[in-house]
file run.pdb (PDB, C-alpha atoms, pLDDT in the B column)
ATOM      1  CA  MET P   1       0.000   0.000   0.000  1.00 42.00           C
ATOM      2  CA  THR P   2       2.906   2.360   0.699  1.00 51.00           C
ATOM      3  CA  GLU P   3       4.181   1.862  -2.854  1.00 51.00           C
ATOM      4  CA  GLU P   4       0.747   2.725  -4.233  1.00 51.00           C
ATOM      5  CA  ILE P   5       0.583   5.933  -2.184  1.00 54.00           C
ATOM      6  CA  ASP P   6       4.116   6.941  -3.225  1.00 60.00           C
ATOM      7  CA  SER P   7       3.337   6.323  -6.908  1.00 63.00           C
ATOM      8  CA  THR P   8       0.073   8.222  -6.649  1.00 65.00           C
ATOM      9  CA  LYS P   9       1.853  11.139  -4.974  1.00 68.00           C
ATOM     10  CA  ALA P  10       4.386  11.195  -7.788  1.00 71.00           C
ATOM     11  CA  LEU P  11       1.561  11.325 -10.295  1.00 69.00           C
ATOM     12  CA  ILE P  12      -0.257  14.080  -8.395  1.00 69.00           C
ATOM     13  CA  ARG P  13       2.993  16.047  -8.173  1.00 72.00           C
ATOM     14  CA  HIS P  14       3.250  15.829 -11.966  1.00 72.00           C
ATOM     15  CA  VAL P  15      -0.419  16.758 -12.440  1.00 71.00           C
ATOM     16  CA  LEU P  16      -0.032  19.823 -10.208  1.00 70.00           C
ATOM     17  CA  GLN P  17       3.042  21.023 -12.060  1.00 69.00           C
ATOM     18  CA  GLU P  18       1.307  20.581 -15.417  1.00 69.00           C
ATOM     19  CA  THR P  19      -2.056  22.045 -14.461  1.00 66.00           C
ATOM     20  CA  MET P  20      -0.865  24.928 -12.289  1.00 65.00           C
ATOM     21  CA  GLY P  21       2.123  25.968 -14.412  1.00 64.00           C
ATOM     22  CA  VAL P  22       4.982  28.058 -13.097  1.00 60.00           C
ATOM     23  CA  GLY P  23       2.908  29.213 -10.128  1.00 62.00           C
ATOM     24  CA  MET P  24       3.516  25.874  -8.419  1.00 63.00           C
ATOM     25  CA  GLU P  25       7.311  26.056  -8.451  1.00 62.00           C
ATOM     26  CA  GLY P  26       8.693  25.292  -5.002  1.00 66.00           C
ATOM     27  CA  ARG P  27       5.247  24.537  -3.545  1.00 73.00           C
ATOM     28  CA  VAL P  28       4.377  21.201  -5.124  1.00 72.00           C
ATOM     29  CA  ASP P  29       5.629  18.899  -2.341  1.00 75.00           C
ATOM     30  CA  GLU P  30       3.923  20.989   0.351  1.00 79.00           C
ATOM     31  CA  VAL P  31       0.621  20.963  -1.538  1.00 76.00           C
ATOM     32  CA  VAL P  32       0.823  17.212  -2.249  1.00 75.00           C
ATOM     33  CA  THR P  33       1.386  16.475   1.440  1.00 77.00           C
ATOM     34  CA  GLN P  34      -1.631  18.565   2.418  1.00 78.00           C
ATOM     35  CA  LEU P  35      -3.835  17.026  -0.251  1.00 76.00           C
ATOM     36  CA  PHE P  36      -3.013  13.472   0.762  1.00 73.00           C
ATOM     37  CA  GLN P  37      -4.231  14.126   4.281  1.00 78.00           C
ATOM     38  CA  ASN P  38      -7.718  14.335   2.761  1.00 77.00           C
ATOM     39  CA  ASP P  39      -9.369  10.983   1.960  1.00 77.00           C
ATOM     40  CA  ASP P  40     -11.996  12.622  -0.260  1.00 75.00           C
ATOM     41  CA  PHE P  41      -9.250  14.118  -2.399  1.00 74.00           C
ATOM     42  CA  LYS P  42      -7.511  10.755  -2.800  1.00 69.00           C
ATOM     43  CA  LYS P  43     -10.820   9.170  -3.814  1.00 70.00           C
ATOM     44  CA  PHE P  44     -11.565  11.934  -6.331  1.00 68.00           C
ATOM     45  CA  ILE P  45      -8.138  11.701  -7.940  1.00 64.00           C
ATOM     46  CA  ARG P  46      -8.353   7.933  -8.270  1.00 63.00           C
ATOM     47  CA  GLU P  47     -11.779   8.201  -9.881  1.00 61.00           C
ATOM     48  CA  HIS P  48     -11.006  11.178 -12.104  1.00 57.00           C
ATOM     49  CA  TYR P  49      -7.627  10.047 -13.403  1.00 56.00           C
ATOM     50  CA  LYS P  50      -8.347   6.316 -13.185  1.00 52.00           C
ATOM     51  CA  ILE P  51      -5.026   5.662 -11.526  1.00 49.00           C
ATOM     52  CA  GLU P  52      -4.049   2.020 -11.745  1.00 49.00           C
ATOM     53  CA  VAL P  53      -1.080   0.644  -9.876  1.00 46.00           C
ATOM     54  CA  ASP P  54       0.567  -2.631 -10.898  1.00 49.00           C
ATOM     55  CA  MET P  55       2.022  -3.944  -7.633  1.00 48.00           C
ATOM     56  CA  SER P  56       4.576  -6.137  -9.423  1.00 51.00           C
ATOM     57  CA  GLN P  57       7.916  -4.417  -9.137  1.00 54.00           C
ATOM     58  CA  GLY P  58      10.668  -3.876 -11.656  1.00 58.00           C
ATOM     59  CA  GLU P  59      14.238  -5.050 -11.124  1.00 64.00           C
ATOM     60  CA  ASP P  60      15.112  -1.688  -9.572  1.00 62.00           C
ATOM     61  CA  GLY P  61      12.217  -1.988  -7.098  1.00 58.00           C
ATOM     62  CA  SER P  62      10.011   0.547  -8.893  1.00 55.00           C
ATOM     63  CA  VAL P  63       6.249   0.136  -8.898  1.00 49.00           C
ATOM     64  CA  PHE P  64       4.531   0.259 -12.273  1.00 48.00           C
ATOM     65  CA  LEU P  65       1.968   3.024 -12.550  1.00 46.00           C
ATOM     66  CA  SER P  66      -0.378   3.752 -15.407  1.00 46.00           C
ATOM     67  CA  GLN P  67      -2.637   6.731 -15.794  1.00 45.00           C
ATOM     68  CA  THR P  68      -5.583   6.928 -18.152  1.00 44.00           C
ATOM     69  CA  LYS P  69      -7.443  10.208 -18.298  1.00 43.00           C
ATOM     70  CA  ARG P  70     -11.148  10.209 -19.068  1.00 39.00           C
ATOM     71  CA  PHE P  71     -10.686  12.721 -21.838  1.00 38.00           C
ATOM     72  CA  LYS P  72      -8.589  12.612 -24.971  1.00 40.00           C
ATOM     73  CA  GLU P  73      -4.890  13.258 -24.529  1.00 50.00           C
ATOM     74  CA  ASP P  74      -4.074  16.933 -24.804  1.00 72.00           C
ATOM     75  CA  LYS P  75      -2.377  17.432 -28.164  1.00 82.00           C
ATOM     76  CA  LEU P  76      -0.720  20.686 -27.104  1.00 86.00           C
ATOM     77  CA  ASP P  77       0.918  18.919 -24.147  1.00 85.00           C
ATOM     78  CA  ASP P  78       2.162  16.190 -26.481  1.00 87.00           C
ATOM     79  CA  ILE P  79       3.603  18.729 -28.951  1.00 92.00           C
ATOM     80  CA  TRP P  80       5.151  20.684 -26.067  1.00 91.00           C
ATOM     81  CA  ASN P  81       6.849  17.600 -24.611  1.00 90.00           C
ATOM     82  CA  ARG P  82       8.121  16.446 -28.006  1.00 91.00           C
ATOM     83  CA  ASN P  83       9.580  19.907 -28.620  1.00 94.00           C
ATOM     84  CA  ILE P  84      11.374  19.890 -25.262  1.00 93.00           C
ATOM     85  CA  GLN P  85      12.777  16.396 -25.818  1.00 93.00           C
ATOM     86  CA  PHE P  86      14.111  17.298 -29.240  1.00 93.00           C
ATOM     87  CA  THR P  87      15.550  20.705 -28.387  1.00 91.00           C
ATOM     88  CA  ASP P  88      17.213  19.465 -25.197  1.00 90.00           C
ATOM     89  CA  TYR P  89      18.760  16.552 -27.070  1.00 91.00           C
ATOM     90  CA  ALA P  90      19.864  18.817 -29.928  1.00 88.00           C
ATOM     91  CA  LYS P  91      21.489  21.285 -27.519  1.00 86.00           C
ATOM     92  CA  ASP P  92      23.518  18.503 -25.915  1.00 87.00           C
ATOM     93  CA  HIS P  93      24.525  16.748 -29.146  1.00 86.00           C
ATOM     94  CA  ASN P  94      24.959  19.538 -31.700  1.00 84.00           C
ATOM     95  CA  PRO P  95      28.662  20.049 -32.496  1.00 79.00           C
ATOM     96  CA  ARG P  96      27.854  23.523 -33.874  1.00 79.00           C
ATOM     97  CA  ARG P  97      26.173  24.642 -30.667  1.00 76.00           C
ATOM     98  CA  VAL P  98      26.972  28.202 -29.631  1.00 80.00           C
ATOM     99  CA  ASP P  99      26.494  29.184 -25.996  1.00 84.00           C
ATOM    100  CA  MET P 100      24.607  32.437 -25.570  1.00 87.00           C
ATOM    101  CA  SER P 101      22.565  34.219 -22.946  1.00 90.00           C
ATOM    102  CA  LYS P 102      18.811  33.667 -22.766  1.00 90.00           C
ATOM    103  CA  GLU P 103      18.257  37.238 -23.963  1.00 93.00           C
ATOM    104  CA  VAL P 104      20.431  36.757 -27.061  1.00 93.00           C
ATOM    105  CA  PHE P 105      18.785  33.405 -27.760  1.00 91.00           C
ATOM    106  CA  MET P 106      15.318  34.997 -27.563  1.00 94.00           C
ATOM    107  CA  CYS P 107      16.392  37.698 -30.029  1.00 95.00           C
ATOM    108  CA  ARG P 108      17.574  34.987 -32.411  1.00 94.00           C
ATOM    109  CA  LEU P 109      14.342  33.066 -31.926  1.00 94.00           C
ATOM    110  CA  SER P 110      12.423  36.239 -32.821  1.00 96.00           C
ATOM    111  CA  ILE P 111      14.363  36.504 -36.077  1.00 96.00           C
ATOM    112  CA  ALA P 112      13.722  32.811 -36.787  1.00 95.00           C
ATOM    113  CA  LEU P 113       9.987  33.368 -36.210  1.00 96.00           C
ATOM    114  CA  PHE P 114       9.915  36.258 -38.700  1.00 95.00           C
ATOM    115  CA  ARG P 115      11.844  34.216 -41.263  1.00 95.00           C
ATOM    116  CA  GLU P 116       9.492  31.243 -40.926  1.00 95.00           C
ATOM    117  CA  VAL P 117       6.483  33.533 -41.429  1.00 95.00           C
ATOM    118  CA  GLY P 118       8.153  34.764 -44.628  1.00 94.00           C
ATOM    119  CA  GLU P 119       8.829  31.217 -45.826  1.00 94.00           C
ATOM    120  CA  MET P 120       5.240  30.210 -45.039  1.00 93.00           C
ATOM    121  CA  THR P 121       3.935  33.236 -46.957  1.00 91.00           C
ATOM    122  CA  ASP P 122       5.970  32.210 -50.022  1.00 89.00           C
ATOM    123  CA  HIS P 123       3.579  29.273 -50.452  1.00 89.00           C
ATOM    124  CA  VAL P 124       0.251  31.097 -50.213  1.00 87.00           C
ATOM    125  CA  PRO P 125      -1.275  33.424 -52.850  1.00 82.00           C
ATOM    126  CA  TRP P 126      -0.753  36.723 -51.081  1.00 81.00           C
ATOM    127  CA  LYS P 127      -0.135  38.861 -54.205  1.00 77.00           C
ATOM    128  CA  TRP P 128      -3.692  39.967 -54.903  1.00 74.00           C
ATOM    129  CA  TRP P 129      -2.526  41.808 -58.024  1.00 76.00           C
ATOM    130  CA  GLY P 130      -0.774  38.749 -59.449  1.00 69.00           C
ATOM    131  CA  ARG P 131      -1.947  36.006 -61.762  1.00 65.00           C
ATOM    132  CA  GLY P 132      -3.869  33.060 -60.307  1.00 58.00           C
ATOM    133  CA  VAL P 133      -3.807  34.648 -56.888  1.00 58.00           C
ATOM    134  CA  TRP P 134      -6.693  32.600 -55.486  1.00 68.00           C
ATOM    135  CA  GLU P 135      -5.311  29.253 -56.628  1.00 76.00           C
ATOM    136  CA  LEU P 136      -3.909  27.412 -53.634  1.00 81.00           C
ATOM    137  CA  THR P 137      -2.525  24.116 -54.878  1.00 86.00           C
ATOM    138  CA  ASP P 138      -2.250  20.979 -52.742  1.00 90.00           C
ATOM    139  CA  GLU P 139       1.535  21.173 -53.047  1.00 91.00           C
ATOM    140  CA  ASN P 140       1.603  24.771 -51.779  1.00 89.00           C
ATOM    141  CA  ARG P 141      -0.802  23.926 -48.946  1.00 90.00           C
ATOM    142  CA  GLU P 142       1.523  21.139 -47.815  1.00 94.00           C
ATOM    143  CA  LYS P 143       4.596  23.358 -48.022  1.00 94.00           C
ATOM    144  CA  ALA P 144       2.815  26.154 -46.128  1.00 93.00           C
ATOM    145  CA  LEU P 145       1.903  23.633 -43.424  1.00 95.00           C
ATOM    146  CA  GLU P 146       5.539  22.484 -43.156  1.00 95.00           C
ATOM    147  CA  GLU P 147       6.709  26.070 -42.712  1.00 95.00           C
ATOM    148  CA  SER P 148       3.935  26.628 -40.154  1.00 96.00           C
ATOM    149  CA  ILE P 149       5.292  23.683 -38.167  1.00 96.00           C
ATOM    150  CA  ASP P 150       8.759  25.249 -38.208  1.00 96.00           C
ATOM    151  CA  LEU P 151       7.121  28.441 -36.971  1.00 96.00           C
ATOM    152  CA  LEU P 152       5.393  26.494 -34.180  1.00 96.00           C
ATOM    153  CA  HIS P 153       8.711  24.908 -33.159  1.00 96.00           C
ATOM    154  CA  PHE P 154      10.423  28.270 -32.682  1.00 96.00           C
ATOM    155  CA  TRP P 155       7.337  29.793 -31.036  1.00 97.00           C
ATOM    156  CA  LEU P 156       7.250  27.012 -28.434  1.00 96.00           C
ATOM    157  CA  GLU P 157      10.941  27.553 -27.748  1.00 95.00           C
ATOM    158  CA  PHE P 158      10.271  31.271 -27.269  1.00 96.00           C
ATOM    159  CA  ILE P 159       7.453  30.579 -24.774  1.00 96.00           C
ATOM    160  CA  ARG P 160       9.737  28.179 -22.906  1.00 94.00           C
ATOM    161  CA  CYS P 161      12.463  30.843 -22.706  1.00 94.00           C
ATOM    162  CA  LEU P 162       9.922  33.154 -21.089  1.00 94.00           C
ATOM    163  CA  GLY P 163       9.547  30.521 -18.360  1.00 93.00           C
ATOM    164  CA  TYR P 164       6.058  29.288 -19.252  1.00 92.00           C
ATOM    165  CA  ASN P 165       4.687  25.884 -20.256  1.00 90.00           C
ATOM    166  CA  SER P 166       1.785  24.413 -22.244  1.00 88.00           C
ATOM    167  CA  THR P 167      -0.614  24.910 -19.334  1.00 85.00           C
ATOM    168  CA  ASP P 168       0.269  28.600 -19.210  1.00 89.00           C
ATOM    169  CA  ILE P 169      -0.317  28.852 -22.974  1.00 91.00           C
ATOM    170  CA  TYR P 170      -3.731  27.247 -22.587  1.00 88.00           C
ATOM    171  CA  ARG P 171      -4.724  29.407 -19.634  1.00 88.00           C
ATOM    172  CA  LYS P 172      -3.638  32.637 -21.322  1.00 91.00           C
ATOM    173  CA  TYR P 173      -5.332  31.672 -24.592  1.00 92.00           C
ATOM    174  CA  VAL P 174      -8.631  30.949 -22.826  1.00 90.00           C
ATOM    175  CA  GLU P 175      -8.360  34.242 -20.938  1.00 92.00           C
ATOM    176  CA  LYS P 176      -7.749  36.190 -24.161  1.00 94.00           C
ATOM    177  CA  ASN P 177     -10.450  34.277 -26.034  1.00 93.00           C
ATOM    178  CA  GLU P 178     -13.008  35.142 -23.360  1.00 92.00           C
ATOM    179  CA  GLU P 179     -11.931  38.786 -23.531  1.00 91.00           C
ATOM    180  CA  ASN P 180     -12.377  38.767 -27.321  1.00 89.00           C
ATOM    181  CA  TRP P 181     -15.895  37.333 -26.971  1.00 89.00           C
ATOM    182  CA  ARG P 182     -16.694  39.994 -24.392  1.00 89.00           C
ATOM    183  CA  ARG P 183     -15.421  42.761 -26.663  1.00 87.00           C
ATOM    184  CA  PHE P 184     -17.297  41.393 -29.649  1.00 84.00           C
ATOM    185  CA  LYS P 185     -20.622  41.142 -27.813  1.00 83.00           C
ATOM    186  CA  GLU P 186     -20.496  44.568 -26.149  1.00 82.00           C
ATOM    187  CA  LYS P 187     -22.907  47.224 -27.385  1.00 66.00           C
ATOM    188  CA  ASP P 188     -20.105  49.117 -29.117  1.00 65.00           C
ATOM    189  CA  GLY P 189     -17.995  46.037 -29.739  1.00 65.00           C
ATOM    190  CA  TRP P 190     -16.312  44.663 -32.839  1.00 66.00           C
ATOM    191  CA  ASN P 191     -19.583  43.283 -34.195  1.00 63.00           C
ATOM    192  CA  GLN P 192     -21.049  46.743 -34.710  1.00 65.00           C
ATOM    193  CA  VAL P 193     -21.265  48.153 -38.209  1.00 63.00           C
ATOM    194  CA  ILE P 194     -19.263  51.373 -38.608  1.00 61.00           C
ATOM    195  CA  HIS P 195     -21.223  54.097 -40.369  1.00 56.00           C
TER
END

call {"tool": "encode", "arguments": {"input": "run.pdb", "output": "structure tokens"}}
result
Amino acid sequence: MTEEIDSTKALIRHVLQETMGVGMEGRVDEVVTQLFQNDDFKKFIREHYKIEVDMSQGEDGSVFLSQTKRFKEDKLDDIWNRNIQFTDYAKDHNPRRVDMSKEVFMCRLSIALFREVGEMTDHVPWKWWGRGVWELTDENREKALEESIDLLHFWLEFIRCLGYNSTDIYRKYVEKNEENWRRFKEKDGWNQVIH
């Protein structure tokens, strides 16, 4: 039973860090300890996250733990984690790596973002005065998507440099989205016709 509690605590620690973002730094262990003094909380977590513990142990004595959420896996979290894994590996294994301050790196990321927007734009019909301007071919759509993915890669790196994570992106997006709805629906909002 102790192994199950320890594994569950480890999972809750991870959940708190992911759901609460940077605001939980340095407080996670304290919060986990307090939460696990509450039986109702433990019951809720087990039901909500469907925590299953395999009591057979690995060679190193670890307990196997699996977590299945009720909802679909968050795609942004998956993209975020893949980006971190790749960039961390690349930083450690790139022979052309150049050490630089975070500020310099963010400036270079900003330039990379602008360049990727330019490369993406090369594949869409933005010249309204040109010939065949509204013809977006399948090949150009695919190339524009590839450049958009490069743009996403650098954007995620930029957000990470700011000290935020995928949860912070989600929270801020929802906040801004709600503000946009509010502005649009106001009496003198964006939805009003200008005379």

call {"tool": "resolve_selection", "arguments": {"input": "run.pdb", "expression": "the PyMOL selection byres ((chain P and resi 118-123) around 8)", "output": "ChimeraX atom specification"}}
result
/P:114-117,124-126,140-141,143-148

call {"tool": "residues_around", "arguments": {"input": "run.pdb", "residues": "stretch 83-89 of chain P", "least_positions_apart": "4", "cutoff": "12 Å", "atoms": "all atoms listed in the file", "output": "list in words"}}
result
Leu76, Asp77, Asp78, Ile79, His93, Asn94, Pro95, Arg97, Ile149, Asp150, Leu152, His153, Phe154, Trp155, Leu156, Glu157, Phe158, Ile159, Arg160, Cys161, Asn165 and Ser166 of chain P

call {"tool": "atom_distance", "arguments": {"input": "run.pdb", "atom1": "atom CA of P:Tyr164", "atom2": "atom CA of P:Trp80"}}
result
11.0 Å

call {"tool": "closest_residue", "arguments": {"input": "run.pdb", "among": "P:Phe36, P:Ala90, P:Trp129, P:Thr167", "to": "P:Lys75", "atoms": "all atoms listed in the file"}}
result
P:Thr167

call {"tool": "atom_distance", "arguments": {"input": "run.pdb", "atom1": "atom CA of P:Arg13", "atom2": "atom CA of P:Lys91"}}
result
27.3 Å

call {"tool": "atom_distance", "arguments": {"input": "run.pdb", "atom1": "atom CA of P:Arg182", "atom2": "atom CA of P:Asp168"}}
result
21.1 Å
